[in-house]
file work_1.tsv (TSV, C-alpha atoms)
chain	number	residue	atom	x	y	z
A	1	MET	CA	-152.30	-48.66	142.07
A	2	ALA	CA	-154.07	-49.12	138.75
A	3	ASP	CA	-157.71	-50.18	138.81
A	4	ALA	CA	-158.74	-53.83	138.77
A	5	SER	CA	-159.56	-53.89	135.06
A	6	GLU	CA	-156.02	-52.88	134.09
A	7	LEU	CA	-154.50	-55.40	136.51
A	8	GLU	CA	-156.73	-58.11	135.06
A	9	ARG	CA	-155.71	-57.02	131.58
A	10	ILE	CA	-152.00	-57.37	132.30
A	11	LYS	CA	-152.62	-60.68	134.06
A	12	GLN	CA	-154.35	-62.04	130.97
A	13	VAL	CA	-151.48	-60.90	128.78
A	14	LYS	CA	-149.04	-62.75	131.03
A	15	GLU	CA	-151.09	-65.91	130.51
A	16	TYR	CA	-150.90	-65.38	126.74
A	17	PHE	CA	-147.13	-65.06	126.98
A	18	GLN	CA	-146.88	-68.22	129.09
A	19	ARG	CA	-148.66	-70.15	126.37
A	20	TYR	CA	-146.18	-68.81	123.83
A	21	TYR	CA	-143.30	-69.91	126.06
A	22	HIS	CA	-144.84	-73.40	126.12
A	23	PHE	CA	-144.61	-73.50	122.31
A	24	GLU	CA	-141.00	-72.35	122.44
A	25	ASP	CA	-140.15	-74.95	125.06
A	26	ALA	CA	-141.77	-77.67	122.97
A	27	VAL	CA	-139.68	-76.65	119.94
A	28	THR	CA	-136.51	-76.62	122.06
A	29	VAL	CA	-137.19	-80.04	123.59
A	30	ASN	CA	-137.97	-81.52	120.17
A	31	GLN	CA	-134.70	-80.18	118.77
A	32	GLN	CA	-132.78	-81.51	121.78
A	33	ASN	CA	-134.34	-84.90	121.13
A	34	LYS	CA	-133.09	-84.79	117.52
A	35	GLU	CA	-129.60	-83.87	118.71
A	36	TYR	CA	-129.74	-86.72	121.22
A	37	LEU	CA	-130.76	-89.23	118.55
A	38	ASN	CA	-128.04	-88.00	116.20
A	39	SER	CA	-125.46	-89.00	118.82
A	40	TYR	CA	-126.39	-92.64	118.14
A	41	ILE	CA	-125.54	-92.41	114.42
A	42	HIS	CA	-122.01	-93.54	113.54
A	43	ASN	CA	-120.35	-94.25	110.21
A	44	GLN	CA	-118.22	-97.26	109.32
A	45	TYR	CA	-115.01	-95.45	110.22
A	46	ASP	CA	-116.34	-94.80	113.75
A	47	VAL	CA	-117.25	-98.47	114.16
A	48	GLU	CA	-113.84	-99.63	112.95
A	49	LYS	CA	-112.10	-97.15	115.23
A	50	GLU	CA	-114.10	-98.29	118.25
A	51	PHE	CA	-113.60	-101.96	117.37
A	52	ASP	CA	-109.81	-101.38	117.10
A	53	PHE	CA	-109.12	-104.32	114.77
A	54	LYS	CA	-105.34	-103.83	114.85
A	55	LYS	CA	-105.13	-104.03	118.64
A	56	LYS	CA	-107.35	-107.11	118.76
A	57	MET	CA	-105.36	-108.73	115.95
A	58	MET	CA	-102.11	-108.28	117.90
A	59	MET	CA	-103.78	-109.96	120.88
A	60	VAL	CA	-104.92	-112.84	118.68
A	61	LEU	CA	-101.40	-113.25	117.24
A	62	GLY	CA	-99.98	-113.29	120.75
A	63	ILE	CA	-102.48	-115.95	121.85
A	64	ALA	CA	-101.76	-117.97	118.71
A	65	ALA	CA	-98.03	-117.78	119.29
A	66	GLY	CA	-98.52	-118.79	122.91
A	67	GLY	CA	-100.74	-121.71	121.95
A	68	GLY	CA	-98.24	-122.90	119.34
A	69	LEU	CA	-95.37	-122.57	121.80
A	70	ILE	CA	-97.17	-124.64	124.42
A	71	MET	CA	-97.98	-127.39	121.92
A	72	GLY	CA	-94.41	-127.33	120.59
A	73	LEU	CA	-92.90	-127.58	124.07
A	74	LEU	CA	-95.22	-130.41	125.06
A	75	LEU	CA	-94.32	-132.34	121.94
A	76	TYR	CA	-90.61	-131.69	122.48
A	77	LEU	CA	-90.82	-132.97	126.06
A	78	ILE	CA	-92.51	-136.12	124.80
A	79	THR	CA	-90.47	-136.81	121.65
A	80	LYS	CA	-87.24	-134.85	122.32
A	81	MET	CA	-87.31	-133.93	118.62
A	82	TRP	CA	-86.91	-130.17	118.29
A	83	LEU	CA	-87.60	-130.13	114.51
A	84	VAL	CA	-90.98	-131.82	114.94
A	85	ALA	CA	-91.74	-129.50	117.86
A	86	LEU	CA	-90.84	-126.49	115.71
A	87	ILE	CA	-93.10	-127.65	112.88
A	88	VAL	CA	-95.97	-128.20	115.32
A	89	PHE	CA	-95.36	-124.78	116.83
A	90	VAL	CA	-95.56	-123.09	113.41
A	91	VAL	CA	-98.60	-125.08	112.25
A	92	VAL	CA	-100.57	-124.54	115.47
A	93	ALA	CA	-99.64	-120.83	115.70
A	94	VAL	CA	-100.58	-120.16	112.07
A	95	ALA	CA	-103.82	-122.13	112.37
A	96	LEU	CA	-104.84	-120.31	115.55
A	97	ALA	CA	-103.90	-116.96	113.99
A	98	ILE	CA	-105.98	-117.63	110.87
A	99	VAL	CA	-109.00	-118.74	112.88
A	100	GLY	CA	-108.66	-115.78	115.25
A	101	ILE	CA	-108.33	-113.20	112.47
A	102	MET	CA	-111.29	-114.71	110.59
A	103	PHE	CA	-113.32	-114.52	113.80
A	104	LEU	CA	-112.31	-110.86	114.29
A	105	ARG	CA	-113.31	-110.00	110.72
A	106	TYR	CA	-116.66	-111.68	111.28
A	107	ARG	CA	-117.21	-109.69	114.48
A	108	LEU	CA	-116.22	-106.45	112.77
A	109	THR	CA	-118.59	-107.09	109.85
A	110	GLU	CA	-121.32	-107.93	112.35
A	111	ALA	CA	-120.68	-104.68	114.25
A	112	ILE	CA	-120.82	-102.65	111.03
A	113	GLU	CA	-124.10	-104.28	109.97
A	114	ARG	CA	-125.57	-103.77	113.42
A	115	GLN	CA	-124.58	-100.09	113.37
A	116	ARG	CA	-126.07	-99.73	109.88
A	117	GLU	CA	-129.35	-101.11	111.20
A	118	VAL	CA	-129.20	-98.73	114.17
A	119	ASN	CA	-128.54	-95.79	111.84
A	120	GLU	CA	-131.58	-96.64	109.72
A	121	GLY	CA	-133.79	-96.95	112.80
A	122	ILE	CA	-132.51	-93.69	114.26
A	123	LYS	CA	-133.03	-91.85	110.97
A	124	GLU	CA	-136.65	-93.03	110.91
A	125	GLN	CA	-137.16	-91.61	114.40
A	126	ILE	CA	-135.48	-88.34	113.41
A	127	GLN	CA	-137.75	-88.02	110.37
A	128	GLY	CA	-140.74	-88.23	112.70
A	129	LEU	CA	-139.24	-85.54	114.94
A	130	GLU	CA	-138.56	-83.30	111.93
A	131	LEU	CA	-142.22	-83.47	110.95
A	132	ARG	CA	-143.10	-82.72	114.57
A	133	ASP	CA	-140.60	-79.84	114.51
A	134	GLN	CA	-142.25	-78.26	111.49
A	135	GLN	CA	-145.66	-78.56	113.14
A	136	LEU	CA	-144.48	-77.03	116.42
A	137	ILE	CA	-142.69	-74.15	114.70
A	138	ARG	CA	-145.77	-73.43	112.59
A	139	GLN	CA	-147.98	-73.44	115.70
A	140	ARG	CA	-145.55	-71.21	117.56
A	141	ASP	CA	-145.29	-68.70	114.71
A	142	ASP	CA	-149.06	-68.66	114.17
A	143	TYR	CA	-149.59	-68.01	117.86
A	144	TYR	CA	-146.98	-65.22	117.78
A	145	ARG	CA	-148.78	-63.52	114.89
A	146	GLY	CA	-152.02	-63.80	116.85
A	147	LEU	CA	-150.33	-62.23	119.87
A	148	LYS	CA	-149.31	-59.23	117.78
A	149	LYS	CA	-152.94	-58.55	116.97
A	150	ARG	CA	-154.28	-59.33	120.44
A	151	VAL	CA	-151.63	-57.39	122.37
A	152	ASP	CA	-151.31	-54.41	120.04
A	153	TRP	CA	-150.56	-51.91	122.79
A	154	MET	CA	-147.02	-53.14	123.45
A	155	SER	CA	-144.10	-54.56	121.50
A	156	LEU	CA	-143.66	-58.30	121.87
A	157	ASP	CA	-139.97	-57.58	122.29
A	158	TYR	CA	-140.91	-56.80	125.90
A	159	MET	CA	-142.38	-60.24	126.58
A	160	ASP	CA	-139.53	-61.11	128.94
A	161	ASN	CA	-140.07	-57.79	130.77
A	162	ILE	CA	-143.77	-58.24	131.43
A	163	ASP	CA	-143.19	-58.61	135.19
A	164	GLN	CA	-141.45	-55.22	135.29
A	165	ILE	CA	-144.31	-53.63	133.34
A	166	GLU	CA	-146.84	-55.20	135.70
A	167	GLU	CA	-144.92	-53.83	138.68
A	168	LEU	CA	-145.33	-50.30	137.33
A	169	LEU	CA	-149.09	-50.85	137.48
A	170	THR	CA	-149.19	-52.44	140.92
A	171	ASN	CA	-147.00	-49.82	142.58
A	172	GLY	CA	-149.06	-46.96	141.13
A	173	GLU	CA	-146.45	-45.48	138.78
A	174	ALA	CA	-148.79	-46.08	135.83
A	175	ALA	CA	-152.59	-46.07	135.63
A	176	THR	CA	-153.01	-48.10	132.43
A	177	CYS	CA	-151.15	-50.83	130.60
A	178	GLU	CA	-150.23	-48.38	127.84
A	179	GLU	CA	-148.80	-45.94	130.36
A	180	ALA	CA	-146.87	-48.75	132.03
A	181	VAL	CA	-145.27	-49.73	128.70
A	182	GLU	CA	-144.45	-46.12	127.89
A	183	LEU	CA	-142.90	-45.60	131.33
A	184	PHE	CA	-140.92	-48.82	130.99
A	185	GLU	CA	-139.54	-47.66	127.63
A	186	GLN	CA	-138.52	-44.33	129.15
A	187	LYS	CA	-136.70	-46.04	132.00
A	188	LEU	CA	-135.06	-48.43	129.58
A	189	LEU	CA	-133.87	-45.57	127.42
A	190	LEU	CA	-132.61	-43.69	130.46
A	191	LYS	CA	-130.55	-46.69	131.58
A	192	GLU	CA	-129.06	-47.02	128.12
A	193	MET	CA	-128.19	-43.35	127.97
A	194	THR	CA	-126.50	-43.44	131.38
A	195	SER	CA	-124.72	-46.73	130.59
A	196	PHE	CA	-126.34	-48.47	133.52
A	197	LEU	CA	-127.75	-51.13	131.26
A	198	SER	CA	-125.04	-53.34	129.86
A	199	ASN	CA	-125.57	-55.69	126.96
A	200	PRO	CA	-125.50	-59.20	128.43
A	201	ALA	CA	-123.39	-61.73	126.60
A	202	GLN	CA	-125.27	-64.45	124.83
A	203	PRO	CA	-125.25	-67.60	126.95
A	204	GLU	CA	-123.04	-70.31	125.58
A	205	ALA	CA	-124.85	-73.35	124.29
A	206	LYS	CA	-124.42	-76.17	126.78
A	207	PRO	CA	-123.15	-79.45	125.33
A	208	LEU	CA	-125.71	-82.20	125.18
A	209	ASP	CA	-125.72	-84.35	128.32
A	210	LEU	CA	-126.30	-87.85	126.91
A	211	GLU	CA	-127.25	-89.39	130.27
A	212	GLN	CA	-129.77	-86.65	130.99
A	213	ALA	CA	-131.12	-86.85	127.44
A	214	LYS	CA	-131.47	-90.63	127.70
A	215	GLU	CA	-133.42	-90.21	130.94
A	216	MET	CA	-135.67	-87.61	129.29
A	217	PHE	CA	-136.23	-89.22	125.88
A	218	GLY	CA	-135.63	-92.90	126.60
A	219	ASP	CA	-133.44	-95.40	124.77
A	220	PRO	CA	-133.99	-95.13	120.97
A	221	LEU	CA	-132.29	-98.49	120.49
A	222	GLU	CA	-135.17	-100.17	122.32
A	223	GLN	CA	-137.58	-99.07	119.61
A	224	ILE	CA	-135.19	-100.43	116.98
A	225	ARG	CA	-135.07	-103.78	118.81
A	226	GLN	CA	-138.85	-103.91	118.98
A	227	ASN	CA	-139.11	-103.16	115.25
A	228	ARG	CA	-136.55	-105.90	114.54
A	229	LYS	CA	-138.58	-108.45	116.54
A	230	LYS	CA	-141.75	-107.36	114.77
A	231	ARG	CA	-140.15	-107.81	111.34
A	232	ARG	CA	-138.88	-111.27	112.30
A	233	LYS	CA	-142.35	-112.34	113.43
A	234	GLU	CA	-143.88	-111.01	110.21
A	235	LYS	CA	-141.21	-112.78	108.13
A	236	LYS	CA	-141.82	-116.02	110.01
A	237	ALA	CA	-145.58	-115.73	109.52
A	238	ASP	CA	-145.10	-115.08	105.80
A	239	SER	CA	-142.88	-118.15	105.45
A	240	ILE	CA	-145.51	-120.31	107.18
A	241	PHE	CA	-148.30	-119.12	104.91
A	242	SER	CA	-146.15	-119.44	101.80
A	243	SER	CA	-145.53	-123.11	102.57
A	244	LEU	CA	-149.28	-123.90	102.67

call {"tool": "encode", "arguments": {"input": "work_1.tsv", "output": "C-alpha coordinates"}}
result
Amino acid sequence: MADASELERIKQVKEYFQRYYHFEDAVTVNQQNKEYLNSYIHNQYDVEKEFDFKKKMMMVLGIAAGGGLIMGLLLYLITKMWLVALIVFVVVAVALAIVGIMFLRYRLTEAIERQREVNEGIKEQIQGLELRDQQLIRQRDDYYRGLKKRVDWMSLDYMDNIDQIEELLTNGEAATCEEAVELFEQKLLLKEMTSFLSNPAQPEAKPLDLEQAKEMFGDPLEQIRQNRKKRRKEKKADSIFSSL
(Lines of atoms letter the chains of each structure in order from A and count residues from 1; the text may use other names and numbers.)
(Lines give C-alpha, C1' and ligand atoms only; values in the text may rest on other atoms or scores of the structure.)
Protein backbone atom coordinates (compact mmCIF):
# COMPACT_ATOMS: atom_id res chain seq x y z
CA MET A 1 0.00 0.00 0.00
CA ALA A 2 1.17 3.53 -0.74
CA ASP A 3 2.18 5.71 2.19
CA ALA A 4 -0.30 7.93 4.01
CA SER A 5 0.76 11.12 2.22
CA GLU A 6 -0.08 9.69 -1.20
CA LEU A 7 -3.41 8.33 0.04
CA GLU A 8 -4.23 11.73 1.50
CA ARG A 9 -3.21 13.33 -1.77
CA ILE A 10 -5.59 11.19 -3.83
CA LYS A 11 -8.34 11.73 -1.25
CA GLN A 12 -7.99 15.49 -1.60
CA VAL A 13 -8.15 15.22 -5.38
CA LYS A 14 -11.38 13.24 -5.10
CA GLU A 15 -12.83 16.08 -3.02
CA TYR A 16 -11.80 18.55 -5.73
CA PHE A 17 -13.56 16.43 -8.33
CA GLN A 18 -16.70 16.21 -6.20
CA ARG A 19 -16.87 19.99 -6.09
CA TYR A 20 -16.59 20.07 -9.88
CA TYR A 21 -19.43 17.56 -10.15
CA HIS A 22 -21.53 19.87 -7.97
CA PHE A 23 -21.03 22.65 -10.54
CA GLU A 24 -21.99 20.29 -13.35
CA ASP A 25 -25.09 19.14 -11.49
CA ALA A 26 -26.11 22.75 -10.86
CA VAL A 27 -25.80 23.53 -14.58
CA THR A 28 -27.83 20.42 -15.47
CA VAL A 29 -30.60 21.21 -12.97
CA ASN A 30 -30.79 24.82 -14.16
CA GLN A 31 -31.13 23.67 -17.77
CA GLN A 32 -33.80 21.14 -16.79
CA ASN A 33 -35.68 23.95 -15.08
CA LYS A 34 -35.58 25.99 -18.31
CA GLU A 35 -36.86 23.01 -20.28
CA TYR A 36 -39.63 22.54 -17.71
CA LEU A 37 -40.68 26.19 -17.94
CA ASN A 38 -40.66 26.06 -21.74
CA SER A 39 -43.32 23.35 -21.57
CA TYR A 40 -45.74 26.00 -20.25
CA ILE A 41 -45.30 28.26 -23.31
CA HIS A 42 -47.93 27.76 -26.01
CA ASN A 43 -48.78 29.78 -29.11
CA GLN A 44 -52.23 30.84 -30.26
CA TYR A 45 -52.58 27.79 -32.50
CA ASP A 46 -51.99 25.49 -29.50
CA VAL A 47 -54.64 27.33 -27.48
CA GLU A 48 -57.17 27.15 -30.31
CA LYS A 49 -56.45 23.46 -30.83
CA GLU A 50 -56.90 22.69 -27.14
CA PHE A 51 -60.05 24.82 -26.94
CA ASP A 52 -61.51 22.95 -29.96
CA PHE A 53 -63.88 25.72 -31.05
CA LYS A 54 -65.47 23.64 -33.82
CA LYS A 55 -66.45 20.81 -31.47
CA LYS A 56 -67.86 23.22 -28.89
CA MET A 57 -69.74 25.12 -31.60
CA MET A 58 -71.43 21.91 -32.78
CA MET A 59 -72.50 21.26 -29.19
CA VAL A 60 -73.89 24.78 -28.92
CA LEU A 61 -75.81 24.38 -32.19
CA GLY A 62 -77.23 21.10 -30.94
CA ILE A 63 -78.34 22.71 -27.67
CA ALA A 64 -79.81 25.65 -29.58
CA ALA A 65 -81.72 23.35 -31.89
CA GLY A 66 -82.97 21.36 -28.91
CA GLY A 67 -84.05 24.50 -27.08
CA GLY A 68 -85.87 25.81 -30.16
CA LEU A 69 -87.56 22.45 -30.70
CA ILE A 70 -88.82 22.32 -27.13
CA MET A 71 -90.22 25.85 -27.32
CA GLY A 72 -91.80 25.11 -30.71
CA LEU A 73 -93.45 21.92 -29.47
CA LEU A 74 -94.76 23.60 -26.34
CA LEU A 75 -96.25 26.40 -28.39
CA TYR A 76 -97.76 23.92 -30.86
CA LEU A 77 -99.37 21.95 -28.02
CA ILE A 78 -100.87 25.16 -26.68
CA THR A 79 -101.94 26.86 -29.94
CA LYS A 80 -102.13 23.92 -32.37
CA MET A 81 -100.64 26.28 -34.98
CA TRP A 82 -97.67 24.58 -36.61
CA LEU A 83 -96.57 27.71 -38.56
CA VAL A 84 -96.29 29.78 -35.38
CA ALA A 85 -94.50 26.89 -33.68
CA LEU A 86 -92.07 26.65 -36.61
CA ILE A 87 -91.33 30.38 -36.48
CA VAL A 88 -90.73 30.19 -32.72
CA PHE A 89 -88.48 27.18 -33.22
CA VAL A 90 -86.35 29.04 -35.79
CA VAL A 91 -86.19 32.28 -33.78
CA VAL A 92 -85.30 30.56 -30.50
CA ALA A 93 -82.75 28.22 -32.13
CA VAL A 94 -81.03 31.06 -33.99
CA ALA A 95 -81.03 33.30 -30.92
CA LEU A 96 -79.56 30.57 -28.71
CA ALA A 97 -76.98 29.71 -31.39
CA ILE A 98 -75.87 33.35 -31.72
CA VAL A 99 -75.58 33.80 -27.97
CA GLY A 100 -73.73 30.49 -27.59
CA ILE A 101 -71.25 31.21 -30.39
CA MET A 102 -70.60 34.72 -29.04
CA PHE A 103 -69.97 33.21 -25.61
CA LEU A 104 -67.55 30.66 -27.12
CA ARG A 105 -65.66 33.39 -28.96
CA TYR A 106 -65.40 35.35 -25.73
CA ARG A 107 -64.05 32.30 -23.89
CA LEU A 108 -61.55 31.60 -26.68
CA THR A 109 -60.31 35.20 -26.68
CA GLU A 110 -60.03 35.03 -22.90
CA ALA A 111 -58.02 31.79 -23.11
CA ILE A 112 -55.66 33.31 -25.70
CA GLU A 113 -55.11 36.42 -23.57
CA ARG A 114 -54.55 34.31 -20.48
CA GLN A 115 -51.99 32.17 -22.32
CA ARG A 116 -50.27 35.31 -23.62
CA GLU A 117 -49.94 36.53 -20.04
CA VAL A 118 -48.59 33.14 -18.97
CA ASN A 119 -46.05 33.19 -21.82
CA GLU A 120 -44.78 36.61 -20.77
CA GLY A 121 -44.45 35.52 -17.14
CA ILE A 122 -42.68 32.29 -18.11
CA LYS A 123 -40.27 34.14 -20.40
CA GLU A 124 -39.34 36.46 -17.53
CA GLN A 125 -38.53 33.44 -15.36
CA ILE A 126 -36.52 31.85 -18.18
CA GLN A 127 -34.49 35.05 -18.62
CA GLY A 128 -33.53 34.84 -14.96
CA LEU A 129 -32.50 31.20 -15.40
CA GLU A 130 -30.44 32.07 -18.49
CA LEU A 131 -28.48 34.62 -16.48
CA ARG A 132 -28.06 32.00 -13.76
CA ASP A 133 -26.97 29.50 -16.44
CA GLN A 134 -24.23 31.81 -17.69
CA GLN A 135 -23.00 32.34 -14.14
CA LEU A 136 -22.95 28.62 -13.34
CA ILE A 137 -21.17 27.70 -16.57
CA ARG A 138 -18.57 30.40 -15.97
CA GLN A 139 -18.00 29.15 -12.42
CA ARG A 140 -17.76 25.56 -13.62
CA ASP A 141 -15.29 26.40 -16.39
CA ASP A 142 -13.18 28.58 -14.08
CA TYR A 143 -13.04 25.77 -11.55
CA TYR A 144 -12.08 23.29 -14.29
CA ARG A 145 -9.18 25.51 -15.38
CA GLY A 146 -8.08 25.73 -11.76
CA LEU A 147 -8.21 21.94 -11.49
CA LYS A 148 -5.87 21.61 -14.46
CA LYS A 149 -3.25 23.62 -12.63
CA ARG A 150 -3.84 22.04 -9.22
CA VAL A 151 -3.97 18.43 -10.44
CA ASP A 152 -1.23 18.63 -13.06
CA TRP A 153 -0.06 15.05 -12.59
CA MET A 154 -3.06 13.45 -14.29
CA SER A 155 -5.41 14.18 -17.17
CA LEU A 156 -8.82 15.43 -16.10
CA ASP A 157 -10.24 13.03 -18.66
CA TYR A 158 -9.76 10.42 -15.92
CA MET A 159 -11.98 12.21 -13.40
CA ASP A 160 -14.62 9.51 -13.64
CA ASN A 161 -11.92 6.85 -13.10
CA ILE A 162 -10.47 8.33 -9.92
CA ASP A 163 -11.78 5.42 -7.81
CA GLN A 164 -9.89 2.94 -10.00
CA ILE A 165 -6.71 5.01 -9.72
CA GLU A 166 -7.12 5.19 -5.94
CA GLU A 167 -7.54 1.41 -5.81
CA LEU A 168 -4.15 0.98 -7.45
CA LEU A 169 -2.65 2.91 -4.53
CA THR A 170 -4.56 1.14 -1.78
CA ASN A 171 -3.84 -2.37 -3.06
CA GLY A 172 -0.11 -1.63 -3.40
CA GLU A 173 0.18 -1.82 -7.19
CA ALA A 174 1.46 1.78 -7.25
CA ALA A 175 3.49 3.73 -4.70
CA THR A 176 2.62 7.26 -5.84
CA CYS A 177 -0.29 9.01 -7.50
CA GLU A 178 1.77 9.49 -10.66
CA GLU A 179 2.59 5.79 -10.79
CA ALA A 180 -1.07 4.93 -10.24
CA VAL A 181 -2.11 7.11 -13.20
CA GLU A 182 0.61 5.64 -15.39
CA LEU A 183 -0.41 2.10 -14.44
CA PHE A 184 -4.06 2.91 -15.07
CA GLU A 185 -3.21 4.21 -18.55
CA GLN A 186 -1.25 1.04 -19.30
CA LYS A 187 -4.16 -1.15 -18.24
CA LEU A 188 -6.56 0.99 -20.22
CA LEU A 189 -4.40 0.69 -23.32
CA LEU A 190 -4.07 -3.05 -22.83
CA LYS A 191 -7.84 -3.46 -22.65
CA GLU A 192 -8.27 -1.44 -25.82
CA MET A 193 -5.64 -3.46 -27.65
CA THR A 194 -7.23 -6.76 -26.63
CA SER A 195 -10.76 -5.48 -27.39
CA PHE A 196 -11.89 -6.09 -23.84
CA LEU A 197 -12.95 -2.49 -23.48
CA SER A 198 -15.95 -1.70 -25.63
CA ASN A 199 -17.08 1.80 -26.40
CA PRO A 200 -20.30 2.31 -24.44
CA ALA A 201 -23.18 3.84 -26.33
CA GLN A 202 -24.13 7.33 -25.31
CA PRO A 203 -27.14 7.21 -23.01
CA GLU A 204 -30.31 8.45 -24.63
CA ALA A 205 -31.65 11.69 -23.25
CA LYS A 206 -34.67 10.94 -21.11
CA PRO A 207 -37.79 12.95 -21.94
CA LEU A 208 -38.71 15.56 -19.39
CA ASP A 209 -41.07 14.23 -16.72
CA LEU A 210 -43.41 17.19 -16.15
CA GLU A 211 -44.81 15.85 -12.86
CA GLN A 212 -41.35 15.24 -11.45
CA ALA A 213 -40.15 18.62 -12.72
CA LYS A 214 -43.16 20.35 -11.16
CA GLU A 215 -42.38 18.68 -7.83
CA MET A 216 -38.74 19.76 -8.10
CA PHE A 217 -39.15 23.32 -9.39
CA GLY A 218 -42.66 24.21 -8.24
CA ASP A 219 -45.55 25.71 -10.19
CA PRO A 220 -44.33 28.67 -12.32
CA LEU A 221 -47.93 29.78 -12.81
CA GLU A 222 -48.15 30.58 -9.10
CA GLN A 223 -45.47 33.23 -9.47
CA ILE A 224 -47.38 34.69 -12.42
CA ARG A 225 -50.56 34.83 -10.32
CA GLN A 226 -48.71 36.56 -7.50
CA ASN A 227 -47.27 39.12 -9.94
CA ARG A 228 -50.75 39.70 -11.36
CA LYS A 229 -52.18 40.37 -7.88
CA LYS A 230 -49.28 42.70 -7.11
CA ARG A 231 -49.86 44.70 -10.30
CA ARG A 232 -53.58 44.98 -9.53
CA LYS A 233 -52.86 46.30 -6.04
CA GLU A 234 -50.36 48.81 -7.42
CA LYS A 235 -52.84 49.91 -10.10
CA LYS A 236 -55.56 50.31 -7.48
CA ALA A 237 -53.25 52.33 -5.23
CA ASP A 238 -52.28 54.57 -8.15
CA SER A 239 -55.93 55.21 -9.01
CA ILE A 240 -56.67 56.17 -5.39
CA PHE A 241 -53.79 58.65 -5.24
CA SER A 242 -54.61 60.09 -8.65
CA SER A 243 -58.13 60.92 -7.48
CA LEU A 244 -56.84 63.01 -4.53

call {"tool": "closest_residue", "arguments": {"input": "work_1.tsv", "among": "A:Phe51, A:Tyr144, A:Trp153, A:Phe184", "to": "His22 of chain A", "atoms": "all atoms listed in the file"}}
result
A:Tyr144

call {"tool": "atom_distance", "arguments": {"input": "work_1.tsv", "atom1": "atom CA of Gly128 of chain A", "atom2": "atom CA of Glu110 of chain A"}}
result
27.7 Å

call {"tool": "closest_residue", "arguments": {"input": "work_1.tsv", "among": "A:Gln135, A:Gln44, A:Gln186, A:Gln164", "to": "Arg116 of chain A", "atoms": "only C-alpha atoms"}}
result
A:Gln44

call {"tool": "residues_around", "arguments": {"input": "work_1.tsv", "residues": "segment 145-147 of chain A", "least_positions_apart": "2", "cutoff": "12 Å", "atoms": "only C-alpha atoms", "output": "list of chain:residue names"}}
result
A:Gln12, A:Val13, A:Lys14, A:Glu15, A:Tyr16, A:Phe17, A:Gln18, A:Arg19, A:Tyr20, A:Arg138, A:Gln139, A:Arg140, A:Asp141, A:Asp142, A:Tyr143, A:Lys149, A:Arg150, A:Val151, A:Asp152, A:Trp153, A:Met154, A:Ser155, A:Leu156, A:Asp157, A:Met159

call {"tool": "residues_around", "arguments": {"input": "work_1.tsv", "residues": "Ala180 of chain A", "least_positions_apart": "4", "cutoff": "8 Å", "atoms": "only C-alpha atoms", "output": "PDB file with C-alpha atoms, keeping the file's coordinate frame"}}
result
ATOM      1  CA  ILE A 165    -144.310 -53.630 133.340  1.00  0.00           C
ATOM      2  CA  GLU A 166    -146.840 -55.200 135.700  1.00  0.00           C
ATOM      3  CA  LEU A 168    -145.330 -50.300 137.330  1.00  0.00           C
ATOM      4  CA  LEU A 169    -149.090 -50.850 137.480  1.00  0.00           C
ATOM      5  CA  GLU A 173    -146.450 -45.480 138.780  1.00  0.00           C
ATOM      6  CA  ALA A 174    -148.790 -46.080 135.830  1.00  0.00           C
ATOM      7  CA  ALA A 175    -152.590 -46.070 135.630  1.00  0.00           C
ATOM      8  CA  THR A 176    -153.010 -48.100 132.430  1.00  0.00           C
ATOM      9  CA  PHE A 184    -140.920 -48.820 130.990  1.00  0.00           C
TER      10      PHE A 184
END

call {"tool": "closest_residue", "arguments": {"input": "work_1.tsv", "among": "A:Phe23, A:Phe103, A:Tyr76, A:Trp82", "to": "Lys56 of chain A", "atoms": "only C-alpha atoms"}}
result
A:Phe103

call {"tool": "atom_distance", "arguments": {"input": "work_1.tsv", "atom1": "atom CA of Ala64 of chain A", "atom2": "atom CA of Val88 of chain A"}}
result
12.2 Å

call {"tool": "atom_distance", "arguments": {"input": "work_1.tsv", "atom1": "atom CA of Val27 of chain A", "atom2": "atom CA of Asp133 of chain A"}}
result
6.4 Å

call {"tool": "closest_residue", "arguments": {"input": "work_1.tsv", "among": "A:His42, A:Asn171, A:Asn119, A:Ile70", "to": "Val90 of chain A", "atoms": "only C-alpha atoms"}}
result
A:Ile70

call {"tool": "residues_around", "arguments": {"input": "work_1.tsv", "residues": "Arg105 of chain A", "least_positions_apart": "6", "cutoff": "12 Å", "atoms": "all atoms listed in the file", "output": "short mmCIF file (atom, residue, chain, number, x, y, z; two decimals) with C-alpha atoms, keeping the file's coordinate frame"}}
result
data_model
loop_
_atom_site.label_atom_id
_atom_site.label_comp_id
_atom_site.auth_asym_id
_atom_site.auth_seq_id
_atom_site.Cartn_x
_atom_site.Cartn_y
_atom_site.Cartn_z
CA GLU A 48 -113.84 -99.63 112.95
CA PHE A 51 -113.60 -101.96 117.37
CA ASP A 52 -109.81 -101.38 117.10
CA PHE A 53 -109.12 -104.32 114.77
CA LYS A 54 -105.34 -103.83 114.85
CA LYS A 56 -107.35 -107.11 118.76
CA MET A 57 -105.36 -108.73 115.95
CA VAL A 60 -104.92 -112.84 118.68
CA ILE A 98 -105.98 -117.63 110.87
CA VAL A 99 -109.00 -118.74 112.88
CA ALA A 111 -120.68 -104.68 114.25
CA ILE A 112 -120.82 -102.65 111.03
#

call {"tool": "residues_around", "arguments": {"input": "work_1.tsv", "residues": "Val84 of chain A", "least_positions_apart": "6", "cutoff": "12 Å", "atoms": "all atoms listed in the file", "output": "JSON, numbers by chain"}}
result
{"A": [71, 72, 73, 74, 75, 76, 77, 78, 90, 91]}

call {"tool": "axis_aligned_box", "arguments": {"input": "work_1.tsv", "around": "segment 58-61 of chain A", "padding_each_side": "3 Å", "output": "AutoDock Vina command-line options"}}
result
--center_x -103.2 --center_y -110.8 --center_z 119.1 --size_x 9.5 --size_y 11.0 --size_z 9.6

call {"tool": "closest_residue", "arguments": {"input": "work_1.tsv", "among": "A:Ala26, A:Val94, A:Glu178, A:Leu131", "to": "Gly68 of chain A", "atoms": "only C-alpha atoms"}}
result
A:Val94

call {"tool": "closest_residue", "arguments": {"input": "work_1.tsv", "among": "A:Ile87, A:Val92, A:Leu129, A:Leu69", "to": "Gln31 of chain A", "atoms": "only C-alpha atoms"}}
result
A:Leu129
